[in-house]
Structure formats: structure tokens, C-alpha cells
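Accompanying notes for the structure given below.
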Amino acid sequence: MDNFRQFLYNKCLSFSVRIVRFSQYLQKEKQLYVISNQICRSGTSIGANLAEAQYGSSRKDFLAKCYISLRESFETCYWLDVLFQADLISERQYSSLYEDCTELKKLFISITNKTKNNLKEEKADSEHRVHDINGMQETPNS
């Protein structure tokens with residue numbers, strides 16, 4: 001695994017562990033079972049989908065899994081907003097988790113944009129090569 005992949009994997013893993021502990025806190029201290037389950041699912045899904053993406057069957061599969069990670073990071077930020085706006089968590093708890101989640105969002109936005117652009121370029125190159133091959137088969141006066 002290259003350095004960036006390892007870095008991203010570790011970031012997602014660390015965030016997942018924090019979310020699991022935060023979810024336990026919400027259940028034990030606040031008796032917020034439904035929201036606790038929701039934020040635990042979305043927050044841990046970010047890294048789980050990254051793990052799947054790294055071993056995807058194709059670049060399109062990789063991109064699809066990274067988009068899921070991106071959407072899950074947006075959902076996790078939403079649940080943090082709800083908890084904070086409802087005065088159920090402190091500003092310190094909110095800020096710390098929200099900053100980490102926002103960092104993951106930015107990373108996945110960059111990854112999905114770069115991968116999408118690479119796929120477009122590969123497709124254009126492939127279509128250009130097919131056109132060149134077909135062009136070589138034609139005779140000049142046909």
C-alpha cells in the first residue's frame with residue numbers, strides 16, 4: 001500500500017474508532033440510541049467503503065465506493081450538526097469530530113474528482129486510439 005493510501009486508511013480507521021466511542025457515549029450518557037446508531041453507521045461506513053474501494057474490481061468500482069465514503073461523510077457531519085444544534089453535545093465534542101469529518105470529506109472530494117477526470121481522459125484516449133486504428137484501415141481515395 002502506498003503512503004497516501006496508508007495515510008487515508010489510518011485517518012478513516014482513527015475516525016471510525018472515535019465515532020464508535022462517541023456513539024457509546026451518546027447511548028450511555030445521553031440515552032440517544034437512534035441517533036447514536038445513525039452516526040455510528042455513517043461514520044464507520046466512510047472507512048469501510050474505502051477498504052472495499054482499495055480492492056475494487058475496476059477503477060469505476062473504486063470511484064463508486066469512494067463516492068459512498070464521501071456521501072457517508074456528509075451524513076456524519078449532518079448528524080453532528082443535529083446533535084450540536086439540539087444542545088446535546090458540547091462545542092468541544094462537536095468541533096473536534098466535525099473537523100476530522102470535514103477533512104475526510106475534502107480528501108474524498110479530491111479523490112473522486114481526480115479519479116473521475118482520469119477515467120474521462122482514459123476514455124478519450126481510448127476513443128482516439130480506436131479512431132486512429134480505424135483511420136489507418138481506410139484507403140486515401142475511398
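If you're wondering about the labels, chains in the C-alpha cells are A, B, ... by order shown, residues count from 1 in each chain, ligands from 1 in order shown.
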
Check which residues of segment 59-126 of chain A sit at most 6 Å from segment 38-50 of chain A using only C-alpha atoms, and return one row each with the closest pair of atoms and their distance in Å to one decimal, ordered by chain and rising number, as a tab-separated table.
```
residue	atom	partner	partner_atom	distance
A:Lys65	CA	A:Asn49	CA	5.5
A:Ser69	CA	A:Ile46	CA	4.3
A:Glu72	CA	A:Ser42	CA	5.1
A:Thr76	CA	A:Gly43	CA	5.5
```

Q. What is the distance between atom CA of Glu99 of chain A and atom CA of Tyr9 of chain A, in Å to one decimal?
A.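 Answer for the atom CA of Glu99 of chain A to atom CA of Tyr9 of chain A separation: 17.2 Å.
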
Q.
Using only C-alpha atoms, which protein or nucleic acid residues come within 12 Å of Phe4 of chain A? Drop anything in the same chain fewer than 4 positions from it, and give the result as a list in words.
A. Leu8, Tyr9, Asn10, Lys11, Gln54, Leu107 and Ile111 of chain A

Q | Contact residues around Ala64 of chain A with only C-alpha atoms at 12 Å, ignoring same-chain residues under 3 positions, as a VMD selection string | A | chain A and resid 49 to 50 52 to 54 56 to 61 67 to 71 108 111 to 113 115 to 116

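Counting only C-alpha atoms and comparing A:Leu26, A:Val17, A:Ile35, A:Leu63, the residue that lies closest to Lys114 of chain A is A:Leu63.
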